[in-house]
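Engineer: Got a file for you: query22.cif, mmCIF, C-alpha atoms.
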data_model
loop_
_atom_site.group_PDB
_atom_site.id
_atom_site.type_symbol
_atom_site.label_atom_id
_atom_site.label_comp_id
_atom_site.auth_asym_id
_atom_site.auth_seq_id
_atom_site.Cartn_x
_atom_site.Cartn_y
_atom_site.Cartn_z
ATOM 1 C CA MET A 1 46.302 -25.417 -48.046
ATOM 2 C CA LYS A 2 47.435 -22.115 -49.513
ATOM 3 C CA LYS A 3 47.701 -21.665 -53.267
ATOM 4 C CA ALA A 4 51.001 -22.673 -54.856
ATOM 5 C CA ILE A 5 52.699 -22.661 -58.229
ATOM 6 C CA ALA A 6 56.035 -23.798 -59.651
ATOM 7 C CA LEU A 7 58.036 -21.193 -61.542
ATOM 8 C CA THR A 8 60.235 -22.887 -64.161
ATOM 9 C CA PHE A 9 62.829 -21.826 -66.718
ATOM 10 C CA ASP A 10 63.992 -23.593 -69.887
ATOM 11 C CA ASP A 11 67.079 -23.726 -72.094
ATOM 12 C CA GLY A 12 69.832 -22.793 -69.633
ATOM 13 C CA PRO A 13 72.158 -22.762 -68.016
ATOM 14 C CA ASN A 14 74.189 -19.831 -69.269
ATOM 15 C CA THR A 15 76.352 -17.133 -67.739
ATOM 16 C CA VAL A 16 74.219 -14.174 -68.884
ATOM 17 C CA THR A 17 70.487 -14.605 -68.297
ATOM 18 C CA THR A 18 70.477 -17.399 -65.727
ATOM 19 C CA PRO A 19 72.313 -15.176 -63.198
ATOM 20 C CA GLN A 20 69.810 -12.375 -63.894
ATOM 21 C CA VAL A 21 66.949 -14.752 -63.087
ATOM 22 C CA LEU A 22 68.687 -15.963 -59.937
ATOM 23 C CA GLU A 23 69.067 -12.366 -58.768
ATOM 24 C CA LYS A 24 65.303 -11.827 -59.153
ATOM 25 C CA LEU A 25 64.550 -15.005 -57.216
ATOM 26 C CA LYS A 26 66.892 -13.900 -54.444
ATOM 27 C CA LYS A 27 65.379 -10.403 -54.431
ATOM 28 C CA TYR A 28 61.920 -11.767 -53.685
ATOM 29 C CA GLY A 29 62.943 -14.774 -51.602
ATOM 30 C CA VAL A 30 61.456 -17.443 -53.866
ATOM 31 C CA THR A 31 62.726 -20.584 -55.582
ATOM 32 C CA ALA A 32 62.211 -22.038 -59.044
ATOM 33 C CA SER A 33 62.996 -25.091 -61.163
ATOM 34 C CA PHE A 34 65.401 -24.977 -64.097
ATOM 35 C CA PHE A 35 65.105 -27.368 -67.038
ATOM 36 C CA LEU A 36 68.615 -27.664 -68.431
ATOM 37 C CA VAL A 37 69.805 -28.459 -71.952
ATOM 38 C CA GLY A 38 72.726 -30.847 -71.589
ATOM 39 C CA ASN A 39 74.824 -29.245 -74.317
ATOM 40 C CA ASN A 40 74.497 -25.893 -72.535
ATOM 41 C CA ILE A 41 76.160 -27.249 -69.399
ATOM 42 C CA THR A 42 79.770 -26.098 -69.654
ATOM 43 C CA ASP A 43 82.355 -25.644 -66.924
ATOM 44 C CA GLU A 44 81.310 -22.001 -66.598
ATOM 45 C CA SER A 45 77.541 -22.480 -66.786
ATOM 46 C CA ALA A 46 77.693 -25.476 -64.428
ATOM 47 C CA GLU A 47 78.881 -23.086 -61.734
ATOM 48 C CA ILE A 48 75.730 -21.010 -62.268
ATOM 49 C CA ALA A 49 73.557 -24.135 -62.134
ATOM 50 C CA GLU A 50 75.279 -25.177 -58.916
ATOM 51 C CA LYS A 51 74.531 -21.753 -57.467
ATOM 52 C CA ALA A 52 70.851 -22.251 -58.328
ATOM 53 C CA HIS A 53 70.875 -25.671 -56.687
ATOM 54 C CA LYS A 54 72.480 -24.316 -53.525
ATOM 55 C CA ALA A 55 69.830 -21.587 -53.409
ATOM 56 C CA GLY A 56 67.131 -24.258 -53.153
ATOM 57 C CA CYS A 57 66.169 -24.414 -56.808
ATOM 58 C CA GLU A 58 65.566 -27.697 -58.624
ATOM 59 C CA LEU A 59 67.454 -28.805 -61.744
ATOM 60 C CA ASN A 60 65.639 -30.963 -64.278
ATOM 61 C CA ASN A 61 66.135 -32.412 -67.762
ATOM 62 C CA HIS A 62 65.324 -30.559 -71.005
ATOM 63 C CA SER A 63 67.205 -32.968 -73.330
ATOM 64 C CA LEU A 64 70.763 -32.902 -74.593
ATOM 65 C CA THR A 65 70.439 -31.119 -77.946
ATOM 66 C CA HIS A 66 66.984 -29.449 -77.788
ATOM 67 C CA SER A 67 65.844 -31.321 -80.889
ATOM 68 C CA VAL A 68 62.422 -32.485 -82.096
ATOM 69 C CA MET A 69 62.634 -35.769 -80.251
ATOM 70 C CA PRO A 70 59.686 -37.601 -81.871
ATOM 71 C CA ASP A 71 62.003 -37.819 -84.901
ATOM 72 C CA PHE A 72 64.530 -39.808 -82.851
ATOM 73 C CA SER A 73 64.980 -43.547 -82.424
ATOM 74 C CA ALA A 74 64.517 -45.114 -79.010
ATOM 75 C CA GLU A 75 68.289 -45.338 -78.641
ATOM 76 C CA GLU A 76 68.762 -41.666 -79.514
ATOM 77 C CA ILE A 77 66.052 -40.672 -77.029
ATOM 78 C CA ARG A 78 67.672 -42.658 -74.224
ATOM 79 C CA ARG A 79 71.045 -41.082 -75.030
ATOM 80 C CA GLU A 80 69.601 -37.545 -74.813
ATOM 81 C CA ILE A 81 68.224 -38.273 -71.364
ATOM 82 C CA LYS A 82 71.121 -40.295 -69.994
ATOM 83 C CA ILE A 83 73.846 -37.788 -70.829
ATOM 84 C CA THR A 84 71.860 -34.819 -69.528
ATOM 85 C CA ASN A 85 70.887 -36.686 -66.362
ATOM 86 C CA GLY A 86 74.563 -37.444 -65.792
ATOM 87 C CA LYS A 87 75.562 -33.809 -66.181
ATOM 88 C CA ILE A 88 72.873 -32.685 -63.751
ATOM 89 C CA ARG A 89 73.760 -35.446 -61.300
ATOM 90 C CA SER A 90 77.360 -34.211 -61.301
ATOM 91 C CA ILE A 91 76.045 -30.831 -60.089
ATOM 92 C CA THR A 92 73.340 -31.882 -57.627
ATOM 93 C CA GLY A 93 74.314 -35.422 -56.632
ATOM 94 C CA LYS A 94 70.913 -36.771 -57.669
ATOM 95 C CA THR A 95 69.033 -37.765 -60.797
ATOM 96 C CA PRO A 96 66.291 -35.378 -61.999
ATOM 97 C CA ARG A 97 62.666 -36.406 -61.543
ATOM 98 C CA PHE A 98 61.202 -34.359 -64.384
ATOM 99 C CA PHE A 99 61.637 -33.858 -68.122
ATOM 100 C CA ARG A 100 60.361 -31.074 -70.335
ATOM 101 C CA PRO A 101 60.233 -32.142 -73.991
ATOM 102 C CA PRO A 102 61.706 -29.589 -76.397
ATOM 103 C CA TYR A 103 58.855 -27.760 -78.154
ATOM 104 C CA ILE A 104 56.521 -29.915 -75.977
ATOM 105 C CA ALA A 105 56.737 -32.427 -78.838
ATOM 106 C CA VAL A 106 56.082 -35.958 -77.590
ATOM 107 C CA ASN A 107 55.228 -39.415 -78.871
ATOM 108 C CA GLU A 108 54.781 -42.914 -77.506
ATOM 109 C CA THR A 109 58.419 -43.846 -78.110
ATOM 110 C CA MET A 110 59.468 -41.022 -75.799
ATOM 111 C CA HIS A 111 57.053 -42.100 -73.077
ATOM 112 C CA ASP A 112 58.334 -45.683 -73.425
ATOM 113 C CA ASN A 113 62.004 -44.707 -73.119
ATOM 114 C CA ILE A 114 62.081 -41.767 -70.694
ATOM 115 C CA ASP A 115 61.609 -42.745 -67.069
ATOM 116 C CA LEU A 116 60.867 -39.194 -65.922
ATOM 117 C CA THR A 117 57.613 -37.274 -65.469
ATOM 118 C CA PHE A 118 56.826 -35.093 -68.506
ATOM 119 C CA ILE A 119 56.230 -31.414 -67.767
ATOM 120 C CA ALA A 120 54.800 -28.604 -69.914
ATOM 121 C CA GLY A 121 53.344 -25.439 -68.357
ATOM 122 C CA ILE A 122 51.492 -22.190 -68.923
ATOM 123 C CA GLY A 123 53.625 -19.825 -70.976
ATOM 124 C CA ALA A 124 53.937 -16.388 -72.488
ATOM 125 C CA GLU A 125 55.716 -17.094 -75.798
ATOM 126 C CA ASP A 126 58.674 -15.473 -74.107
ATOM 127 C CA TRP A 127 61.165 -16.909 -76.587
ATOM 128 C CA ILE A 128 59.872 -14.322 -79.083
ATOM 129 C CA ASP A 129 62.096 -11.289 -78.697
ATOM 130 C CA GLU A 130 59.450 -8.792 -79.817
ATOM 131 C CA ILE A 131 57.103 -9.594 -76.933
ATOM 132 C CA SER A 132 57.637 -6.963 -74.239
ATOM 133 C CA ALA A 133 58.321 -7.698 -70.596
ATOM 134 C CA GLU A 134 54.938 -6.154 -69.743
ATOM 135 C CA THR A 135 53.085 -8.447 -72.151
ATOM 136 C CA ARG A 136 54.933 -11.501 -70.870
ATOM 137 C CA ALA A 137 53.877 -10.681 -67.333
ATOM 138 C CA GLU A 138 50.277 -10.017 -68.393
ATOM 139 C CA LYS A 139 50.081 -13.355 -70.240
ATOM 140 C CA ILE A 140 51.182 -15.290 -67.172
ATOM 141 C CA LEU A 141 49.113 -13.383 -64.636
ATOM 142 C CA SER A 142 45.950 -13.597 -66.753
ATOM 143 C CA GLN A 143 45.941 -17.408 -66.765
ATOM 144 C CA VAL A 144 47.680 -18.595 -63.578
ATOM 145 C CA LYS A 145 45.783 -20.774 -61.107
ATOM 146 C CA ASN A 146 46.556 -23.007 -58.146
ATOM 147 C CA GLY A 147 48.794 -25.966 -59.022
ATOM 148 C CA ASP A 148 50.113 -24.444 -62.238
ATOM 149 C CA ILE A 149 53.601 -24.887 -63.620
ATOM 150 C CA ILE A 150 54.752 -21.604 -65.183
ATOM 151 C CA LEU A 151 56.979 -22.059 -68.231
ATOM 152 C CA LEU A 152 59.463 -19.261 -68.966
ATOM 153 C CA HIS A 153 62.916 -19.196 -70.569
ATOM 154 C CA ASP A 154 66.309 -18.174 -69.219
ATOM 155 C CA MET A 155 67.980 -18.681 -72.603
ATOM 156 C CA GLU A 156 70.968 -16.433 -73.173
ATOM 157 C CA GLY A 157 70.026 -12.806 -73.831
ATOM 158 C CA ASN A 158 66.368 -13.188 -72.807
ATOM 159 C CA PHE A 159 66.500 -10.130 -70.570
ATOM 160 C CA ARG A 160 62.807 -9.267 -71.070
ATOM 161 C CA THR A 161 61.755 -12.361 -69.159
ATOM 162 C CA ALA A 162 64.128 -11.471 -66.336
ATOM 163 C CA ALA A 163 62.531 -8.013 -66.307
ATOM 164 C CA ALA A 164 59.014 -9.486 -66.353
ATOM 165 C CA LEU A 165 59.753 -11.270 -63.079
ATOM 166 C CA ASP A 166 59.640 -7.884 -61.331
ATOM 167 C CA THR A 167 55.922 -7.870 -62.127
ATOM 168 C CA ILE A 168 55.079 -11.580 -62.026
ATOM 169 C CA ILE A 169 56.636 -12.507 -58.688
ATOM 170 C CA PRO A 170 55.389 -9.573 -56.563
ATOM 171 C CA GLU A 171 51.874 -9.886 -57.962
ATOM 172 C CA LEU A 172 51.682 -13.627 -57.268
ATOM 173 C CA LEU A 173 53.022 -13.028 -53.779
ATOM 174 C CA ARG A 174 50.352 -10.351 -53.313
ATOM 175 C CA GLN A 175 47.765 -12.949 -54.355
ATOM 176 C CA GLU A 176 49.241 -15.213 -51.662
ATOM 177 C CA TYR A 177 50.694 -17.827 -53.981
ATOM 178 C CA ARG A 178 53.608 -19.839 -52.663
ATOM 179 C CA PHE A 179 56.539 -20.624 -54.956
ATOM 180 C CA LEU A 180 57.512 -24.316 -54.855
ATOM 181 C CA THR A 181 59.823 -26.472 -56.927
ATOM 182 C CA VAL A 182 58.096 -28.895 -59.283
ATOM 183 C CA SER A 183 58.937 -31.753 -56.907
ATOM 184 C CA GLU A 184 57.483 -29.874 -53.948
ATOM 185 C CA LEU A 185 54.319 -29.057 -55.901
ATOM 186 C CA PHE A 186 53.699 -32.730 -56.724
ATOM 187 C CA ASP A 187 54.649 -33.949 -53.264
ATOM 188 C CA GLU A 188 52.525 -31.412 -51.388
ATOM 189 C CA HIS A 189 49.404 -32.461 -53.277
ATOM 190 C CA GLY A 190 50.229 -36.155 -52.992
ATOM 191 C CA VAL A 191 50.085 -36.533 -56.767
ATOM 192 C CA THR A 192 51.615 -39.712 -58.175
ATOM 193 C CA PRO A 193 52.572 -38.849 -61.778
ATOM 194 C CA LYS A 194 50.888 -40.942 -64.438
ATOM 195 C CA ARG A 195 52.799 -42.369 -67.361
ATOM 196 C CA GLY A 196 51.784 -40.906 -70.701
ATOM 197 C CA THR A 197 50.699 -37.600 -69.161
ATOM 198 C CA VAL A 198 52.308 -34.221 -69.831
ATOM 199 C CA TYR A 199 51.628 -31.990 -66.829
ATOM 200 C CA THR A 200 50.818 -28.295 -67.005
ATOM 201 C CA ASN A 201 49.043 -28.354 -63.638
ATOM 202 C CA VAL A 202 49.660 -30.957 -60.934
ATOM 203 C CA LEU A 203 45.925 -31.141 -60.212
ATOM 204 C CA GLN A 204 44.855 -31.772 -63.808
ATOM 205 C CA ASN A 205 44.203 -35.506 -63.287
ATOM 206 C CA THR A 206 42.831 -35.354 -59.748
#
Rewrite the structure from the file as structure tokens, please.
Structural biologist:
Amino acid sequence: MKKAIALTFDDGPNTVTTPQVLEKLKKYGVTASFFLVGNNITDESAEIAEKAHKAGCELNNHSLTHSVMPDFSAEEIRREIKITNGKIRSITGKTPRFFRPPYIAVNETMHDNIDLTFIAGIGAEDWIDEISAETRAEKILSQVKNGDIILLHDMEGNFRTAAALDTIIPELLRQEYRFLTVSELFDEHGVTPKRGTVYTNVLQNT
């Protein structure tokens, strides 16, 4: 089986950076998974998310308000997930399988009340504006390995990450990595997600 990774993006959708990311994916003929913040799904941004879905990308849950969810009650946690799932379902016709906790902050109450697989990923601190596109690419390429989930951000105005994709994607293709959605990455390896686990690599518990 050839090497594979899942390229993922957090904090969208929006009408500025998300389209830039989609153009890079189209340019290189690869797909990705987008973890959407429910409150960022507007009539305008939903059209962008639908475009991603139609291009073969996967849409997943990144909460409603992007808050520190361990501070929330069980009821508040369920509300964050339910509303965002509903918004994504209205775009794709299906409920997301995966959830990325804001700030990767988790607790037992979240695991007890969120019936989705928790996802983290290898990152490049690409929410920090001062980090150059070159450094973002170097950070990812220096640590990537088979089965990894790559965590980047398509938050509005994050053009340096869009630019970094012109280095990251061609280099991973040169190294013969395949780009899968998170679902495809789990399914291909026959990994049944375990409750209470936050996945950065689908092979981490195998």
Engineer: Select from stretch 133-181 of chain A every residue with an atom at most 7 Å from any atom of stretch 3-20 of chain A, then for each give the shortest pair of atoms and their distance in Å to one decimal, using all atoms listed in the file, rows by chain and rising number, as CSV.
Structural biologist:
residue,atom,partner,partner_atom,distance
A:Asn146,CA,A:Lys3,CA,5.2
A:Gly147,CA,A:Ile5,CA,5.2
A:Asp148,CA,A:Ile5,CA,5.1
A:Ile149,CA,A:Ala6,CA,4.8
A:Ile150,CA,A:Leu7,CA,4.9
A:Leu151,CA,A:Thr8,CA,5.3
A:Leu152,CA,A:Phe9,CA,4.8
A:His153,CA,A:Asp10,CA,4.6
A:Asp154,CA,A:Thr18,CA,5.5
A:Met155,CA,A:Asp11,CA,5.2
A:Glu156,CA,A:Thr17,CA,5.2
A:Gly157,CA,A:Thr17,CA,5.8
A:Asn158,CA,A:Thr17,CA,6.3
A:Phe159,CA,A:Thr17,CA,6.4
A:Ala162,CA,A:Gln20,CA,6.3
A:Glu176,CA,A:Lys3,CA,6.8
A:Tyr177,CA,A:Lys3,CA,4.9
A:Arg178,CA,A:Ala4,CA,4.4
A:Phe179,CA,A:Ile5,CA,5.4
A:Leu180,CA,A:Ala6,CA,5.0
A:Thr181,CA,A:Ala6,CA,5.4
Engineer: List as a PDB file with C-alpha atoms, keeping the file's coordinate frame the protein and nucleic acid residues near A:Gly86, meaning an atom at most 9 Å away when all atoms listed in the file are counted, but skip any in the same chain fewer than 5 places from it.
Structural biologist:
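Printed below is result02.pdb as written:
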ATOM      1  CA  GLY A  38      72.726 -30.847 -71.589  1.00  0.00           C
ATOM      2  CA  ILE A  81      68.224 -38.273 -71.364  1.00  0.00           C
ATOM      3  CA  ILE A  91      76.045 -30.831 -60.089  1.00  0.00           C
ATOM      4  CA  LYS A  94      70.913 -36.771 -57.669  1.00  0.00           C
ATOM      5  CA  THR A  95      69.033 -37.765 -60.797  1.00  0.00           C
TER       6      THR A  95
END
Engineer: Please write the residues picked by the PyMOL selection byres ((chain A and resi 110-117) around 10) on this file as a PyMOL selection string.
Structural biologist: chain A and resi 60-61+69-82+95-101+105-109+118-119+192-199
Engineer: Report as a list in words the residues that result from applying the PyMOL selection byres ((chain A and resi 55) around 12) to the structure here.
Structural biologist: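 On this input, the PyMOL selection byres ((chain A and resi 55) around 12) captures Pro19, Leu22, Glu23, Leu25, Lys26, Gly29, Val30, Thr31, Ala32, Ser33, Ile48, Ala49, Glu50, Lys51, Ala52, His53, Lys54, Gly56, Cys57, Glu58, Leu59, Thr92 and Thr181 of chain A.
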Engineer: Between atom CA of A:Thr167 and atom CA of A:Glu184, what is the distance in Å, rounded to a tenth?
Structural biologist: 23.5 Å
Engineer: Would you compute the box with edges along x, y and z of the file around stretch 58-62 of chain A, including every atom the file lists for it and 8 Å extra on each side, and give its centre and edge lengths in Å to one decimal, as AutoDock Vina command-line options?
Structural biologist:
--center_x 66.4 --center_y -30.1 --center_z -64.8 --size_x 18.1 --size_y 20.7 --size_z 28.4
Engineer: Kindly give the distance, in Å, that separates atom CA of A:Asp187 and atom CA of A:Asn40, rounded to a single decimal.
Structural biologist: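 If I compute the distance from atom CA of A:Asp187 to atom CA of A:Asn40, I get 28.8 Å.
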Engineer: Residues within 7 Å of A:Lys139, please, as a PyMOL selection string. Count all atoms listed in the file; anything in the same chain fewer than 4 positions from it doesn't count.
Structural biologist: chain A and resi 124+135+143
Engineer: Can you put all heavy atoms back into stretch 30-41 of chain A and show it as a tab-separated table (two decimals), in the coordinates of the input?
Structural biologist:
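Listed below is the output, rebuild_15.tsv:
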chain	number	residue	atom	x	y	z
A	30	VAL	N	62.20	-16.29	-53.35
A	30	VAL	CA	61.46	-17.44	-53.87
A	30	VAL	C	62.42	-18.39	-54.60
A	30	VAL	O	63.54	-18.02	-54.92
A	30	VAL	CB	60.32	-17.01	-54.82
A	30	VAL	CG1	59.33	-16.10	-54.10
A	30	VAL	CG2	60.86	-16.32	-56.07
A	31	THR	N	61.94	-19.60	-54.84
A	31	THR	CA	62.73	-20.58	-55.58
A	31	THR	C	62.02	-20.94	-56.88
A	31	THR	O	60.86	-20.60	-57.08
A	31	THR	CB	62.94	-21.86	-54.75
A	31	THR	OG1	61.66	-22.38	-54.36
A	31	THR	CG2	63.77	-21.58	-53.52
A	32	ALA	N	62.74	-21.64	-57.75
A	32	ALA	CA	62.21	-22.04	-59.04
A	32	ALA	C	62.84	-23.37	-59.45
A	32	ALA	O	63.68	-23.92	-58.74
A	32	ALA	CB	62.50	-20.96	-60.09
A	33	SER	N	62.42	-23.88	-60.59
A	33	SER	CA	63.00	-25.09	-61.16
A	33	SER	C	63.54	-24.76	-62.54
A	33	SER	O	62.88	-24.07	-63.33
A	33	SER	CB	61.94	-26.20	-61.27
A	33	SER	OG	61.43	-26.54	-59.99
A	34	PHE	N	64.74	-25.24	-62.82
A	34	PHE	CA	65.40	-24.98	-64.10
A	34	PHE	C	65.49	-26.28	-64.89
A	34	PHE	O	65.98	-27.29	-64.38
A	34	PHE	CB	66.80	-24.41	-63.87
A	34	PHE	CG	66.79	-23.01	-63.29
A	34	PHE	CD1	66.66	-22.81	-61.92
A	34	PHE	CD2	66.91	-21.90	-64.12
A	34	PHE	CE1	66.65	-21.53	-61.38
A	34	PHE	CE2	66.89	-20.62	-63.60
A	34	PHE	CZ	66.76	-20.43	-62.23
A	35	PHE	N	65.03	-26.22	-66.13
A	35	PHE	CA	65.10	-27.37	-67.04
A	35	PHE	C	66.29	-27.14	-67.98
A	35	PHE	O	66.24	-26.25	-68.85
A	35	PHE	CB	63.79	-27.54	-67.79
A	35	PHE	CG	62.69	-28.12	-66.92
A	35	PHE	CD1	62.04	-27.32	-65.99
A	35	PHE	CD2	62.34	-29.46	-67.02
A	35	PHE	CE1	61.04	-27.84	-65.17
A	35	PHE	CE2	61.36	-29.99	-66.20
A	35	PHE	CZ	60.70	-29.19	-65.29
A	36	LEU	N	67.33	-27.92	-67.79
A	36	LEU	CA	68.61	-27.66	-68.43
A	36	LEU	C	68.79	-28.46	-69.71
A	36	LEU	O	68.43	-29.64	-69.80
A	36	LEU	CB	69.76	-28.02	-67.48
A	36	LEU	CG	69.71	-27.43	-66.07
A	36	LEU	CD1	71.01	-27.76	-65.32
A	36	LEU	CD2	69.47	-25.93	-66.10
A	37	VAL	N	69.39	-27.80	-70.71
A	37	VAL	CA	69.81	-28.46	-71.95
A	37	VAL	C	71.23	-28.95	-71.73
A	37	VAL	O	72.14	-28.16	-71.43
A	37	VAL	CB	69.74	-27.49	-73.14
A	37	VAL	CG1	70.31	-28.13	-74.40
A	37	VAL	CG2	68.29	-27.04	-73.37
A	38	GLY	N	71.43	-30.26	-71.90
A	38	GLY	CA	72.73	-30.85	-71.59
A	38	GLY	C	73.89	-30.18	-72.28
A	38	GLY	O	74.95	-29.94	-71.68
A	39	ASN	N	73.72	-29.86	-73.56
A	39	ASN	CA	74.82	-29.24	-74.32
A	39	ASN	C	75.13	-27.82	-73.86
A	39	ASN	O	76.17	-27.27	-74.23
A	39	ASN	CB	74.51	-29.25	-75.81
A	39	ASN	CG	74.81	-30.59	-76.46
A	39	ASN	OD1	75.43	-31.46	-75.85
A	39	ASN	ND2	74.37	-30.77	-77.69
A	40	ASN	N	74.24	-27.24	-73.06
A	40	ASN	CA	74.50	-25.89	-72.54
A	40	ASN	C	75.23	-25.93	-71.19
A	40	ASN	O	75.56	-24.87	-70.64
A	40	ASN	CB	73.18	-25.12	-72.38
A	40	ASN	CG	72.61	-24.67	-73.71
A	40	ASN	OD1	73.30	-24.68	-74.72
A	40	ASN	ND2	71.33	-24.32	-73.72
A	41	ILE	N	75.46	-27.12	-70.68
A	41	ILE	CA	76.16	-27.25	-69.40
A	41	ILE	C	77.66	-27.32	-69.67
A	41	ILE	O	78.19	-28.35	-70.08
A	41	ILE	CB	75.69	-28.49	-68.62
A	41	ILE	CG1	74.17	-28.41	-68.36
A	41	ILE	CG2	76.44	-28.58	-67.28
A	41	ILE	CD1	73.60	-29.65	-67.71
